[in-house]
Each structure stands twice: as structure tokens, then as C-alpha cells.
$ cat start04.cif   # mmCIF, C-alpha atoms
data_my_file
loop_
_atom_site.label_atom_id
_atom_site.label_comp_id
_atom_site.auth_asym_id
_atom_site.auth_seq_id
_atom_site.Cartn_x
_atom_site.Cartn_y
_atom_site.Cartn_z
CA MET A 1 -71.78 28.97 0.62
CA LYS A 2 -70.32 26.58 3.14
CA LYS A 3 -71.11 23.64 0.89
CA LEU A 4 -69.34 25.21 -2.09
CA ILE A 5 -66.06 25.69 -0.23
CA PHE A 6 -66.06 22.06 0.82
CA SER A 7 -66.39 20.78 -2.71
CA VAL A 8 -63.46 22.90 -3.99
CA LEU A 9 -61.16 21.59 -1.28
CA ALA A 10 -62.07 18.04 -2.20
CA ILE A 11 -60.94 18.62 -5.78
CA ALA A 12 -57.61 20.01 -4.60
CA ALA A 13 -57.01 16.93 -2.51
CA LEU A 14 -57.66 14.65 -5.45
CA VAL A 15 -55.14 16.53 -7.56
CA VAL A 16 -52.32 16.29 -5.02
CA THR A 17 -52.26 12.51 -4.89
CA PRO A 18 -51.22 11.74 -8.49
CA MET A 19 -48.68 14.58 -8.42
CA SER A 20 -46.62 13.09 -5.62
CA SER A 21 -46.35 9.68 -7.27
CA PHE A 22 -45.20 11.32 -10.48
CA ALA A 23 -42.37 13.18 -8.77
CA ALA A 24 -40.80 10.00 -7.36
CA ASP A 25 -40.59 8.12 -10.65
CA PRO A 26 -38.18 9.59 -13.21
CA THR A 27 -34.88 9.50 -11.30
CA ALA A 28 -33.22 7.16 -8.85
CA LEU A 29 -30.11 7.50 -6.73
CA ALA A 30 -27.86 4.88 -5.18
CA THR A 31 -24.86 5.29 -2.91
CA ALA A 32 -21.86 2.98 -3.03
CA ASN A 33 -18.80 2.83 -0.81
CA GLY A 34 -15.21 3.31 -1.87
CA SER A 35 -12.27 1.77 -0.05
CA ALA A 36 -8.48 1.51 -0.19
CA SER A 37 -5.67 0.54 2.16
CA ILE A 38 -2.39 2.39 2.16
CA ILE A 39 0.71 0.70 3.52
CA SER A 40 4.28 1.84 4.02
CA PRO A 41 6.79 1.01 1.27
CA ILE A 42 9.01 -2.05 1.44
CA ASN A 43 12.75 -1.43 1.79
CA ILE A 44 15.85 -3.59 1.74
CA SER A 45 19.36 -2.79 2.91
CA LYS A 46 22.52 -4.91 3.06
CA THR A 47 23.81 -5.65 6.53
CA ALA A 48 26.59 -8.12 5.61
CA ASP A 49 28.55 -9.17 2.50
CA LEU A 50 28.92 -12.75 1.33
CA ASP A 51 32.51 -13.77 2.08
CA PHE A 52 34.01 -17.15 1.15
CA GLY A 53 37.17 -16.51 3.19
CA ILE A 54 40.81 -17.11 2.25
CA ILE A 55 41.32 -20.32 0.37
CA SER A 56 44.39 -22.26 -0.64
CA GLY A 57 44.25 -25.00 -3.26
CA ILE A 58 46.23 -27.21 -5.58
CA ALA A 59 43.42 -28.96 -7.43
CA ALA A 60 39.87 -27.95 -8.17
CA GLY A 61 37.18 -27.84 -5.55
CA THR A 62 34.23 -25.96 -4.13
CA VAL A 63 33.64 -23.73 -1.12
CA THR A 64 30.08 -23.55 0.23
CA ILE A 65 28.69 -20.94 2.58
CA ALA A 66 25.30 -21.81 4.06
CA ALA A 67 22.55 -19.19 3.95
CA THR A 68 21.49 -19.41 7.58
CA SER A 69 22.63 -16.17 9.19
CA GLY A 70 24.80 -13.12 8.67
CA ALA A 71 27.25 -14.24 11.33
CA GLN A 72 30.67 -15.82 10.82
CA LEU A 73 30.53 -19.50 9.89
CA ASN A 74 32.95 -22.09 8.58
CA PRO A 75 32.61 -22.94 4.89
CA VAL A 76 32.18 -26.53 3.70
CA ILE A 77 35.01 -27.61 1.40
CA THR A 78 35.13 -30.23 -1.36
CA GLY A 79 38.12 -31.17 -3.48
CA ASP A 80 41.75 -30.44 -2.78
CA LEU A 81 41.24 -27.06 -1.12
CA SER A 82 41.87 -25.76 2.35
CA VAL A 83 40.61 -22.65 4.07
CA ILE A 84 43.41 -20.59 5.52
CA SER A 85 41.21 -18.11 7.30
CA THR A 86 37.56 -18.44 8.18
CA SER A 87 37.44 -15.39 10.39
CA THR A 88 35.59 -13.35 7.80
CA SER A 89 33.53 -16.18 6.24
CA LYS A 90 29.82 -15.45 6.30
CA ALA A 91 26.67 -15.33 4.26
CA ALA A 92 25.25 -12.07 2.95
CA ALA A 93 22.49 -10.60 5.07
CA PHE A 94 19.77 -8.12 4.14
CA SER A 95 17.37 -6.27 6.38
CA VAL A 96 13.83 -5.87 5.05
CA THR A 97 11.32 -3.40 6.44
CA GLY A 98 7.72 -2.89 5.40
CA SER A 99 4.13 -3.20 6.51
CA GLY A 100 2.89 -5.54 9.23
CA ASN A 101 2.89 -9.19 8.25
CA ALA A 102 2.84 -8.71 4.48
CA THR A 103 4.51 -11.20 2.19
CA TYR A 104 7.00 -10.25 -0.49
CA ALA A 105 8.68 -11.83 -3.48
CA ILE A 106 12.47 -12.08 -3.77
CA VAL A 107 14.22 -11.94 -7.12
CA MET A 108 17.91 -12.75 -7.42
CA ASN A 109 20.12 -13.97 -10.25
CA PRO A 110 21.85 -17.04 -8.74
CA SER A 111 24.76 -16.86 -11.17
CA LEU A 112 27.62 -14.66 -9.98
CA THR A 113 31.07 -14.32 -11.52
CA LEU A 114 33.85 -13.15 -9.22
CA THR A 115 36.49 -11.09 -10.98
CA GLY A 116 40.10 -11.01 -9.93
CA THR A 117 42.00 -7.88 -8.97
CA GLY A 118 45.63 -7.25 -8.09
CA THR A 119 47.66 -10.36 -8.92
CA ALA A 120 44.55 -12.02 -10.36
CA VAL A 121 43.56 -9.31 -12.80
CA GLY A 122 41.74 -10.78 -15.80
CA LYS A 123 40.92 -14.03 -13.95
CA THR A 124 37.46 -15.13 -12.84
CA MET A 125 35.73 -17.70 -10.65
CA THR A 126 32.10 -18.72 -10.91
CA SER A 127 29.72 -19.07 -8.01
CA THR A 128 26.11 -20.03 -7.54
CA LEU A 129 24.18 -18.01 -5.01
CA VAL A 130 21.83 -19.82 -2.64
CA LEU A 131 18.83 -18.11 -1.07
CA ASP A 132 17.88 -18.64 2.54
CA ALA A 133 15.99 -21.98 2.72
CA ALA A 134 13.40 -20.31 4.96
CA LYS A 135 12.26 -18.28 1.95
CA THR A 136 10.21 -21.06 0.39
CA GLY A 137 9.35 -20.30 -3.21
CA ALA A 138 11.44 -17.11 -2.96
CA VAL A 139 8.73 -15.56 -0.80
CA GLY A 140 9.44 -13.82 2.49
CA THR A 141 7.02 -12.85 5.25
CA LEU A 142 7.41 -9.76 7.38
CA ALA A 143 6.84 -10.11 11.10
CA GLY A 144 5.86 -6.83 12.70
CA GLY A 145 7.15 -5.04 9.61
CA ALA A 146 10.67 -6.57 9.63
CA ASP A 147 12.51 -9.58 8.21
CA ASN A 148 16.00 -10.75 7.23
CA ILE A 149 17.20 -12.43 4.05
CA TYR A 150 20.38 -14.49 3.98
CA VAL A 151 22.25 -15.41 0.82
CA GLY A 152 24.99 -18.04 0.73
CA GLY A 153 26.77 -19.56 -2.21
CA VAL A 154 28.88 -22.25 -3.77
CA LEU A 155 32.23 -21.05 -5.14
CA THR A 156 33.92 -23.16 -7.80
CA VAL A 157 37.72 -22.97 -7.71
CA ALA A 158 39.58 -24.26 -10.74
CA ALA A 159 42.80 -26.25 -10.59
CA ALA A 160 45.73 -23.81 -10.48
CA GLN A 161 43.39 -20.87 -9.95
CA THR A 162 45.49 -17.70 -10.01
CA ALA A 163 46.02 -16.37 -6.51
CA GLY A 164 44.65 -12.96 -5.59
CA PRO A 165 41.51 -11.20 -4.39
CA TYR A 166 38.27 -11.88 -6.27
CA ALA A 167 35.06 -9.94 -5.89
CA GLY A 168 31.68 -9.51 -7.50
CA THR A 169 28.37 -7.79 -6.94
CA PHE A 170 24.83 -9.16 -6.96
CA ASN A 171 21.40 -7.63 -6.51
CA VAL A 172 18.45 -8.78 -4.46
CA THR A 173 15.15 -7.25 -5.47
CA ILE A 174 11.99 -7.49 -3.38
CA ASN A 175 8.41 -6.51 -4.00
CA TYR A 176 5.17 -6.82 -2.06
CA ASN A 177 2.99 -9.68 -3.16
CA MET B 178 -69.28 38.55 11.02
CA PRO B 179 -68.75 40.52 7.82
CA ILE B 180 -64.99 40.16 8.34
CA THR B 181 -65.26 36.37 8.64
CA LEU B 182 -67.22 36.22 5.47
CA LEU B 183 -64.60 38.18 3.56
CA LEU B 184 -61.83 35.85 4.68
CA SER B 185 -63.79 32.84 3.57
CA ILE B 186 -64.15 34.31 0.15
CA ALA B 187 -60.45 35.03 -0.08
CA ILE B 188 -59.55 31.45 0.78
CA PHE B 189 -62.06 30.19 -1.68
CA SER B 190 -60.53 32.32 -4.45
CA ALA B 191 -57.00 31.07 -3.75
CA SER B 192 -58.15 27.46 -3.72
CA CYS B 193 -59.84 28.03 -6.97
CA VAL B 194 -56.69 29.30 -8.72
CA CYS B 195 -54.66 26.51 -7.23
CA ALA B 196 -57.09 23.89 -8.30
CA GLN B 197 -56.98 25.09 -11.88
CA VAL B 198 -53.18 24.93 -12.09
CA ASN B 199 -53.10 21.52 -10.48
CA SER B 200 -55.70 20.24 -12.84
CA THR B 201 -53.34 20.91 -15.72
CA LEU B 202 -50.53 18.97 -13.99
CA THR B 203 -52.85 16.09 -13.27
CA SER B 204 -52.81 15.00 -16.88
CA ILE B 205 -48.97 14.82 -16.80
CA GLY B 206 -49.20 12.73 -13.65
CA ILE B 207 -51.40 10.21 -15.40
CA ASP B 208 -48.88 9.94 -18.27
CA ALA B 209 -46.04 9.20 -15.84
CA LYS B 210 -47.95 6.39 -14.24
CA VAL B 211 -47.89 4.48 -17.51
CA ILE B 212 -44.07 4.27 -17.30
CA ALA B 213 -42.53 1.93 -14.75
CA PRO B 214 -40.45 3.86 -12.18
CA ILE B 215 -36.69 3.73 -12.65
CA THR B 216 -34.75 2.20 -9.79
CA LEU B 217 -31.02 1.96 -9.06
CA GLN B 218 -29.19 -0.29 -6.65
CA ASN B 219 -25.54 -0.83 -5.73
CA THR B 220 -25.56 -4.55 -6.50
CA GLY B 221 -24.77 -6.59 -3.40
CA ASN B 222 -23.51 -3.39 -1.74
CA THR B 223 -20.17 -4.18 -3.37
CA PRO B 224 -17.85 -1.19 -2.95
CA LEU B 225 -15.46 0.39 -5.41
CA ASN B 226 -12.36 -1.22 -3.93
CA PHE B 227 -8.84 -0.12 -4.85
CA GLY B 228 -7.19 -2.83 -2.71
CA THR B 229 -3.89 -2.37 -0.92
CA VAL B 230 -1.42 0.20 -2.18
CA SER B 231 2.14 0.84 -1.00
CA ARG B 232 2.95 4.51 -0.79
CA SER B 233 6.32 6.22 -1.16
CA SER B 234 7.84 9.70 -1.05
CA ALA B 235 6.37 10.32 -4.50
CA ALA B 236 2.67 10.78 -5.22
CA GLY B 237 0.84 8.39 -7.52
CA THR B 238 -2.48 7.07 -8.74
CA VAL B 239 -4.30 3.75 -8.81
CA THR B 240 -7.02 3.17 -11.37
CA VAL B 241 -9.67 0.49 -11.13
CA PRO B 242 -11.11 0.39 -14.65
CA THR B 243 -14.58 -0.80 -15.59
CA SER B 244 -12.93 -3.88 -17.10
CA GLY B 245 -9.44 -5.29 -17.04
CA ASN B 246 -6.58 -4.97 -14.62
CA ARG B 247 -5.87 -2.35 -11.99
CA THR B 248 -3.05 0.01 -12.93
CA SER B 249 -0.82 2.42 -11.05
CA THR B 250 1.31 5.44 -11.89
CA GLY B 251 3.92 7.47 -10.05
CA GLY B 252 5.49 6.42 -6.78
CA VAL B 253 2.89 3.90 -5.63
CA GLY B 254 2.55 0.18 -6.16
CA VAL B 255 -0.44 -2.10 -5.89
CA LEU B 256 -0.15 -5.38 -4.00
CA SER B 257 -1.05 -8.11 -6.45
CA SER B 258 -2.29 -10.21 -3.52
CA SER B 259 -4.94 -7.61 -2.67
CA SER B 260 -8.32 -7.85 -4.36
CA TYR B 261 -9.97 -4.93 -6.13
CA SER B 262 -13.28 -4.32 -7.88
CA PRO B 263 -15.33 -1.64 -9.62
CA ALA B 264 -18.73 -0.97 -8.00
CA PRO B 265 -21.62 -2.81 -9.69
CA PHE B 266 -25.08 -1.28 -10.16
CA THR B 267 -28.45 -2.61 -11.30
CA VAL B 268 -31.11 -0.46 -12.99
CA THR B 269 -34.74 -1.45 -13.51
CA GLY B 270 -37.41 0.50 -15.32
CA GLU B 271 -39.49 0.73 -18.45
CA ASN B 272 -38.68 -1.80 -21.16
CA SER B 273 -36.24 -0.46 -23.77
CA ALA B 274 -36.26 3.04 -22.28
CA ASN B 275 -33.28 5.38 -22.69
CA PHE B 276 -31.80 6.79 -19.52
CA ASN B 277 -28.86 8.87 -18.30
CA ILE B 278 -26.27 7.96 -15.69
CA ALA B 279 -24.80 10.81 -13.63
CA LEU B 280 -21.46 10.08 -11.96
CA PRO B 281 -19.58 12.20 -9.38
CA ILE B 282 -17.48 14.98 -10.83
CA ASN B 283 -13.80 15.37 -9.96
CA GLY B 284 -13.01 16.81 -6.55
CA THR B 285 -16.28 15.79 -4.92
CA VAL B 286 -15.45 12.32 -3.58
CA LEU B 287 -12.87 11.72 -0.86
CA LEU B 288 -11.78 8.63 1.03
CA THR B 289 -10.99 9.38 4.67
CA ARG B 290 -8.65 7.39 6.87
CA THR B 291 -10.43 5.30 9.47
CA SER B 292 -9.65 6.79 12.89
CA GLY B 293 -7.93 9.69 11.20
CA SER B 294 -8.62 12.80 9.14
CA GLU B 295 -6.33 12.29 6.15
CA THR B 296 -8.06 12.06 2.81
CA MET B 297 -7.46 10.93 -0.75
CA PRO B 298 -9.53 12.18 -3.72
CA VAL B 299 -11.26 9.77 -6.09
CA ASN B 300 -11.61 11.20 -9.61
CA THR B 301 -12.39 10.21 -13.19
CA PHE B 302 -15.44 8.07 -12.50
CA LEU B 303 -16.41 5.94 -15.50
CA SER B 304 -19.42 3.76 -16.28
CA SER B 305 -19.01 0.51 -18.22
CA ILE B 306 -22.02 1.36 -20.42
CA GLY B 307 -21.42 5.05 -20.94
CA THR B 308 -23.76 7.74 -19.65
CA SER B 309 -26.70 7.42 -22.09
CA PRO B 310 -27.57 3.72 -22.21
CA THR B 311 -30.83 1.89 -22.86
CA LEU B 312 -32.70 -0.54 -20.65
CA SER B 313 -33.13 -4.04 -22.07
CA SER B 314 -36.38 -5.30 -23.56
CA THR B 315 -37.20 -6.58 -20.08
CA GLY B 316 -36.42 -3.23 -18.41
CA LEU B 317 -33.03 -4.15 -16.95
CA ALA B 318 -29.50 -2.74 -17.15
CA THR B 319 -26.36 -3.52 -15.20
CA PHE B 320 -23.13 -1.57 -15.17
CA VAL B 321 -19.99 -1.11 -13.12
CA VAL B 322 -18.28 2.12 -12.06
CA GLY B 323 -14.52 2.49 -11.93
CA ALA B 324 -12.40 5.48 -10.93
CA THR B 325 -8.90 6.75 -10.15
CA LEU B 326 -7.54 7.13 -6.61
CA LEU B 327 -4.98 9.90 -6.00
CA ILE B 328 -2.39 8.96 -3.36
CA GLY B 329 -0.25 11.72 -1.93
CA ALA B 330 3.49 11.62 -1.30
CA ASN B 331 4.05 9.85 2.03
CA GLN B 332 0.30 9.29 2.40
CA ILE B 333 -0.38 8.16 5.95
CA ALA B 334 -0.85 4.39 6.07
CA GLY B 335 -4.24 3.00 7.03
CA ASP B 336 -7.67 1.97 5.80
CA TYR B 337 -9.51 4.66 3.88
CA LYS B 338 -13.24 4.70 3.27
CA GLY B 339 -15.81 6.96 1.64
CA SER B 340 -18.97 6.92 -0.41
CA PHE B 341 -20.25 8.31 -3.67
CA ALA B 342 -23.65 8.73 -5.27
CA VAL B 343 -24.79 7.63 -8.73
CA THR B 344 -28.03 8.90 -10.25
CA VAL B 345 -30.06 7.54 -13.12
CA ALA B 346 -32.90 9.38 -14.89
CA TYR B 347 -35.14 8.71 -17.86
CA GLN B 348 -34.26 10.77 -20.89
#

$ encode --input "start04.cif" --output "C-alpha cells"
Amino acid sequence: MKKLIFSVLAIAALVVTPMSSFAADPTALATANGSASIISPINISKTADLDFGIISGIAAGTVTIAATSGAQLNPVITGDLSVISTSTSKAAAFSVTGSGNATYAIVMNPSLTLTGTGTAVGKTMTSTLVLDAAKTGAVGTLAGGADNIYVGGVLTVAAAQTAGPYAGTFNVTINYN
Amino acid sequence: MPITLLLSIAIFSASCVCAQVNSTLTSIGIDAKVIAPITLQNTGNTPLNFGTVSRSSAAGTVTVPTSGNRTSTGGVGVLSSSSYSPAPFTVTGENSANFNIALPINGTVLLTRTSGSETMPVNTFLSSIGTSPTLSSTGLATFVVGATLLIGANQIAGDYKGSFAVTVAYQ
């Protein structure tokens, strides 16, 4: 009787071995990671307007405002022009905020037409906007999530340009690289 | 002593029934051994990477497809300078065998902010070779898995990580 029990148990053990190898075969599972980084949006706001100042002229000439800061600066004159008041002359300044030390692309149409008002209604002057030389390739770099963009310009004044106030509007668009 | 004897008989009977059932299964086990086991690996441990995304006050999505460029919708933007990739997988098994790929269903995978508790769901998992492909004549298949990340309005900035499981099975 003792011998018989032993032999039955031995058969059961033989059966179990192939079963376990079968169970491991027909499916397989793998785990992969997912990742993403979220950063704060990039924003731009104007902190100063581009102002060429008050100019007097007889013949044609140009007035250039350097794009180095948003503070008052004296324009550079060519031709038969003189600047009567430089107290308001300055480049445009923009404040940029965003994430860390990210870089961003700057898009700006450099061609700006100033349109006369008041006594100069219907008259125009052309100007070429100049982006901050520090923004090589029109790319800016945030430092601690902040940066400034300066925009100067070259104003072309025609001979016998009608006197009066002239103004125009331009857009600066930025986007994370 | 009579009690001991009875117990022995009872055990013997149970073993006997068990042995008969298992004997039937044994023949299936021998069949399975003819087929090479199917294996699945996340190739190079490369993650499903959505890259860097700028959030806003509006919710949005970023999709990393199985091929082609990353896209976004809603109030979010992807940084073109940030790299992204679908997750690659390698399957080995029996030559020319058909198999199924099971991907996570929507609402089951979340990315969690590192050193935070905020989460973002990852939905719409897709395989580049569908879900019922065939192993090659040498018993190999490779595929990539893409998905769509859901970014909430004003999602807290930071690095988000998570994991997901993919299962393959012979048909």
C-alpha cells in the first residue's frame, strides 16, 4: 500500500513540470515610460514706444534711433535735417516673460509707414525698423524667465515733407523655439 | 491505526483524480513547447516622449503619432527645439505567427509631476502595425506606440513622468 501511494505522487510531479512552462509562453508584457515637460507660456508687453523726436528740415534726410535700450537717446541725423527736441527720442522696448532660459524667435515686419494727422493728414513717411543687435538671427534668450527686446529705426524724411504729427503701429511676435 | 489508514486512502483518491486531469493537460503542454515563446521588449528603454509643451489658460492636447510630426490642439504649443518620440517595441516569437497587441485603454495612464501630485492623462494609444500583426519569417516584429497627452488649463509647469504596459499574445 505504501509503495502504491509513492508511485502516484511521482506521476503528479511529472505532470506539473510541463504545465508551468506552457503557461509562460503565449503572452508577453513590456512596460515603457512616458514623459513630458510643461512650461509657462511666453508673453510680451510693450514698455516704451519708438519715438523719432521733433524734426525740422528743408531738404531730405534720415533720422536713426539705435535699438540699444528703451531710454531716451539722441537720434543720428543725415541730410539737411535738425532735431528740435530729443527729449522724447527713444527706441521701442518690450518686456518678455517665459520659462527659465528658453530661447524664442522674434518676427517683425521691418517696413513701417508713418501716417500724418492734423496738418499732415494724407501724408506719409517711410521707416525701416531695426531689431536689437543682441538678438542675433532674430532669436532671444530668456534669463531667469525674463528678457527685453529693443526696436529702433531709420526714418526717411522727404524734401519739403509736410509738417505735422506722424504715427504708425507695428507688431512684434515671439514664439518659443 | 484504522483512522490513519482511512486518511491515507482519502489522499490517494484525491491524487488519483488530480493525476487524471493533469494527464489530459499534459498533451497541450507538449504542443505549446513546439512554438517558440513570444517575447516583448521596449527597445532601448526609449520612452514615449512628448517633449516640452507651453501651457496657457486654455486646455489642449499634444499628439505624438506613430509616424510623422508631433501636433498640438487648443491652448498649448510644442517647442520645436524639444525632441519627441513614440515608444519602440521589439517582438520575437514563432516564425510567421499571428499575434495581438493590447494597448492601454483611455483613462488608465497618467503622467505625474516630478516632486508634485499633478497629473495629465495619456489617451488614444496607437500601434504602428495595428493590433493584429504577423511576425516575420524569422520570428521578428518591431513597432512603435504613439498617444495623445491631455494638458489642462494652467497646468502646473514641471517634468511629468509615468509608465504604461503593452501586452502581446499569440492568436

$ atom_distance --input "start04.cif" --atom1 "atom CA of Ile106 of chain A" --atom2 "atom CA of Ala36 of chain A"
25.2 Å

$ resolve_selection --input "start04.cif" --expression "the PyMOL selection byres ((chain B and resi 291) around 7)" --output "PDB file with C-alpha atoms, in the frame of the given file"
ATOM      1  CA  THR B 289     -10.990   9.380   4.670  1.00  0.00           C
ATOM      2  CA  ARG B 290      -8.650   7.390   6.870  1.00  0.00           C
ATOM      3  CA  SER B 292      -9.650   6.790  12.890  1.00  0.00           C
ATOM      4  CA  GLY B 293      -7.930   9.690  11.200  1.00  0.00           C
ATOM      5  CA  ASP B 336      -7.670   1.970   5.800  1.00  0.00           C
ATOM      6  CA  TYR B 337      -9.510   4.660   3.880  1.00  0.00           C
ATOM      7  CA  LYS B 338     -13.240   4.700   3.270  1.00  0.00           C
TER       8      LYS B 338
END

$ residues_around --input "start04.cif" --residues "segment 248-253 of chain B" --least-positions-apart "3" --cutoff "9 Å" --atoms "all atoms listed in the file" --output "PDB file with C-alpha atoms, keeping the file's coordinate frame"
ATOM      1  CA  PRO A  41       6.790   1.010   1.270  1.00  0.00           C
TER       2      PRO A  41
ATOM      3  CA  VAL B 230      -1.420   0.200  -2.180  1.00  0.00           C
ATOM      4  CA  SER B 231       2.140   0.840  -1.000  1.00  0.00           C
ATOM      5  CA  ARG B 232       2.950   4.510  -0.790  1.00  0.00           C
ATOM      6  CA  SER B 233       6.320   6.220  -1.160  1.00  0.00           C
ATOM      7  CA  SER B 234       7.840   9.700  -1.050  1.00  0.00           C
ATOM      8  CA  ALA B 235       6.370  10.320  -4.500  1.00  0.00           C
ATOM      9  CA  ALA B 236       2.670  10.780  -5.220  1.00  0.00           C
ATOM     10  CA  GLY B 237       0.840   8.390  -7.520  1.00  0.00           C
ATOM     11  CA  THR B 238      -2.480   7.070  -8.740  1.00  0.00           C
ATOM     12  CA  VAL B 239      -4.300   3.750  -8.810  1.00  0.00           C
ATOM     13  CA  THR B 240      -7.020   3.170 -11.370  1.00  0.00           C
ATOM     14  CA  VAL B 241      -9.670   0.490 -11.130  1.00  0.00           C
ATOM     15  CA  PRO B 242     -11.110   0.390 -14.650  1.00  0.00           C
ATOM     16  CA  ILE B 328      -2.390   8.960  -3.360  1.00  0.00           C
ATOM     17  CA  ALA B 330       3.490  11.620  -1.300  1.00  0.00           C
TER      18      ALA B 330
END

$ resolve_selection --input "start04.cif" --expression "the PyMOL selection byres ((chain B and resi 244) around 9)" --output "count of residues only"
10

$ residues_around --input "start04.cif" --residues "Thr113 of chain A" --least-positions-apart "4" --cutoff "8 Å" --atoms "all atoms listed in the file" --output "ChimeraX atom specification"
/A:124-127,168

$ closest_atom_pairs --input "start04.cif" --of "chain B" --to "chain A" --cutoff "6 Å" --atoms "only C-alpha atoms" --output "CSV"
residue,atom,partner,partner_atom,distance
B:Ala196,CA,A:Ala12,CA,5.4
B:Gly206,CA,A:Phe22,CA,5.3
B:Ala209,CA,A:Phe22,CA,5.8
B:Pro214,CA,A:Asp25,CA,4.5
B:Thr216,CA,A:Ala28,CA,5.3
B:Leu217,CA,A:Ala28,CA,5.7
B:Gln218,CA,A:Ala30,CA,5.5
B:Asn219,CA,A:Ala32,CA,5.9
B:Pro224,CA,A:Asn33,CA,4.7
B:Leu225,CA,A:Gly34,CA,4.6
B:Asn226,CA,A:Ser35,CA,4.9
B:Phe227,CA,A:Ala36,CA,4.9
B:Gly228,CA,A:Ala36,CA,5.2
B:Thr229,CA,A:Ser37,CA,4.6
B:Val230,CA,A:Ile38,CA,5.0
B:Ser231,CA,A:Ile39,CA,4.7
B:Arg232,CA,A:Pro41,CA,5.6
B:Ser233,CA,A:Pro41,CA,5.8
B:Leu256,CA,A:Asn177,CA,5.4
B:Ser257,CA,A:Asn177,CA,5.4
B:Ser258,CA,A:Asn177,CA,5.3
B:Ala334,CA,A:Ile38,CA,4.7
B:Gly335,CA,A:Ile38,CA,5.2
B:Asp336,CA,A:Ser37,CA,4.4
B:Tyr337,CA,A:Ala36,CA,5.2
B:Lys338,CA,A:Ser35,CA,4.5
B:Gly339,CA,A:Gly34,CA,5.1
B:Ser340,CA,A:Asn33,CA,4.1
B:Phe341,CA,A:Thr31,CA,5.6
B:Ala342,CA,A:Thr31,CA,4.3
B:Val343,CA,A:Ala30,CA,5.4
B:Thr344,CA,A:Leu29,CA,4.3
B:Val345,CA,A:Ala28,CA,5.3
B:Ala346,CA,A:Thr27,CA,4.1
B:Tyr347,CA,A:Pro26,CA,5.6

$ atom_distance --input "start04.cif" --atom1 "atom CA of Gly53 of chain A" --atom2 "atom CA of Val151 of chain A"
15.1 Å

$ resolve_selection --input "start04.cif" --expression "the PyMOL selection byres ((chain A and resi 82) around 7)" --output "list in words"
Ile55, Ser56, Gly57, Asp80, Leu81, Val83 and Ile84 of chain A

$ atom_distance --input "start04.cif" --atom1 "atom CA of Ser95 of chain A" --atom2 "atom CA of Ala143 of chain A"
12.2 Å

$ residues_near_point --input "start04.cif" --point "(44.1, -18.7, -11.3)" --cutoff "10 Å" --atoms "all atoms listed in the file" --output "list in words"
Gly116, Thr119, Ala120, Val121, Gly122, Lys123, Thr124, Met125, Val157, Ala158, Ala159, Ala160, Gln161, Thr162, Ala163 and Gly164 of chain A

$ closest_residue --input "start04.cif" --among "A:Thr64, A:Asn109, A:Ser89, A:Thr115" --to "Ala138 of chain A" --atoms "only C-alpha atoms"
A:Asn109

$ residues_around --input "start04.cif" --residues "Thr269 of chain B" --least-positions-apart "5" --cutoff "6 Å" --atoms "all atoms listed in the file" --output "mmCIF file with C-alpha atoms, in the frame of the given file"
data_model
loop_
_atom_site.group_PDB
_atom_site.id
_atom_site.type_symbol
_atom_site.label_atom_id
_atom_site.label_comp_id
_atom_site.auth_asym_id
_atom_site.auth_seq_id
_atom_site.Cartn_x
_atom_site.Cartn_y
_atom_site.Cartn_z
ATOM 1 C CA ILE B 215 -36.690 3.730 -12.650
ATOM 2 C CA THR B 216 -34.750 2.200 -9.790
ATOM 3 C CA GLY B 316 -36.420 -3.230 -18.410
ATOM 4 C CA LEU B 317 -33.030 -4.150 -16.950
#

$ closest_residue --input "start04.cif" --among "A:Ala134, A:Ala105, A:Ile65, A:Ala93" --to "Ile149 of chain A" --atoms "all atoms listed in the file"
A:Ala93

$ residues_around --input "start04.cif" --residues "Ala92 of chain A" --least-positions-apart "6" --cutoff "8 Å" --atoms "only C-alpha atoms" --output "PyMOL selection string"
chain A and resi 46-51+67+69-70+150-152

$ build_atoms --input "start04.cif" --residues "segment 308-321 of chain B" --atoms "N, CA and C atoms" --output "mmCIF file, keeping the file's coordinate frame"
data_model
loop_
_atom_site.group_PDB
_atom_site.id
_atom_site.type_symbol
_atom_site.label_atom_id
_atom_site.label_comp_id
_atom_site.auth_asym_id
_atom_site.auth_seq_id
_atom_site.Cartn_x
_atom_site.Cartn_y
_atom_site.Cartn_z
ATOM 1 N N THR B 308 -22.843 6.955 -20.476
ATOM 2 C CA THR B 308 -23.760 7.740 -19.650
ATOM 3 C C THR B 308 -25.146 7.892 -20.272
ATOM 4 N N SER B 309 -25.364 7.346 -21.469
ATOM 5 C CA SER B 309 -26.700 7.420 -22.090
ATOM 6 C C SER B 309 -27.114 6.054 -22.625
ATOM 7 N N PRO B 310 -27.233 5.069 -21.751
ATOM 8 C CA PRO B 310 -27.570 3.720 -22.210
ATOM 9 C C PRO B 310 -29.082 3.492 -22.320
ATOM 10 N N THR B 311 -29.424 2.271 -22.666
ATOM 11 C CA THR B 311 -30.830 1.890 -22.860
ATOM 12 C C THR B 311 -31.128 0.653 -22.029
ATOM 13 N N LEU B 312 -32.275 0.643 -21.386
ATOM 14 C CA LEU B 312 -32.700 -0.540 -20.650
ATOM 15 C C LEU B 312 -33.023 -1.664 -21.631
ATOM 16 N N SER B 313 -32.860 -2.892 -21.202
ATOM 17 C CA SER B 313 -33.130 -4.040 -22.070
ATOM 18 C C SER B 313 -34.621 -4.153 -22.346
ATOM 19 N N SER B 314 -34.965 -5.097 -23.209
ATOM 20 C CA SER B 314 -36.380 -5.300 -23.560
ATOM 21 C C SER B 314 -37.187 -5.775 -22.363
ATOM 22 N N THR B 315 -36.486 -6.205 -21.308
ATOM 23 C CA THR B 315 -37.200 -6.580 -20.080
ATOM 24 C C THR B 315 -37.036 -5.523 -18.994
ATOM 25 N N GLY B 316 -36.500 -4.339 -19.371
ATOM 26 C CA GLY B 316 -36.420 -3.230 -18.410
ATOM 27 C C GLY B 316 -35.276 -3.344 -17.428
ATOM 28 N N LEU B 317 -34.157 -3.929 -17.863
ATOM 29 C CA LEU B 317 -33.030 -4.150 -16.950
ATOM 30 C C LEU B 317 -31.735 -3.628 -17.556
ATOM 31 N N ALA B 318 -30.859 -3.095 -16.721
ATOM 32 C CA ALA B 318 -29.500 -2.740 -17.150
ATOM 33 C C ALA B 318 -28.568 -2.940 -15.964
ATOM 34 N N THR B 319 -27.370 -3.425 -16.246
ATOM 35 C CA THR B 319 -26.360 -3.520 -15.200
ATOM 36 C C THR B 319 -25.107 -2.831 -15.701
ATOM 37 N N PHE B 320 -24.394 -2.211 -14.792
ATOM 38 C CA PHE B 320 -23.130 -1.570 -15.170
ATOM 39 C C PHE B 320 -22.204 -1.521 -13.960
ATOM 40 N N VAL B 321 -20.939 -1.282 -14.213
ATOM 41 C CA VAL B 321 -19.990 -1.110 -13.120
ATOM 42 C C VAL B 321 -19.342 0.268 -13.243
#
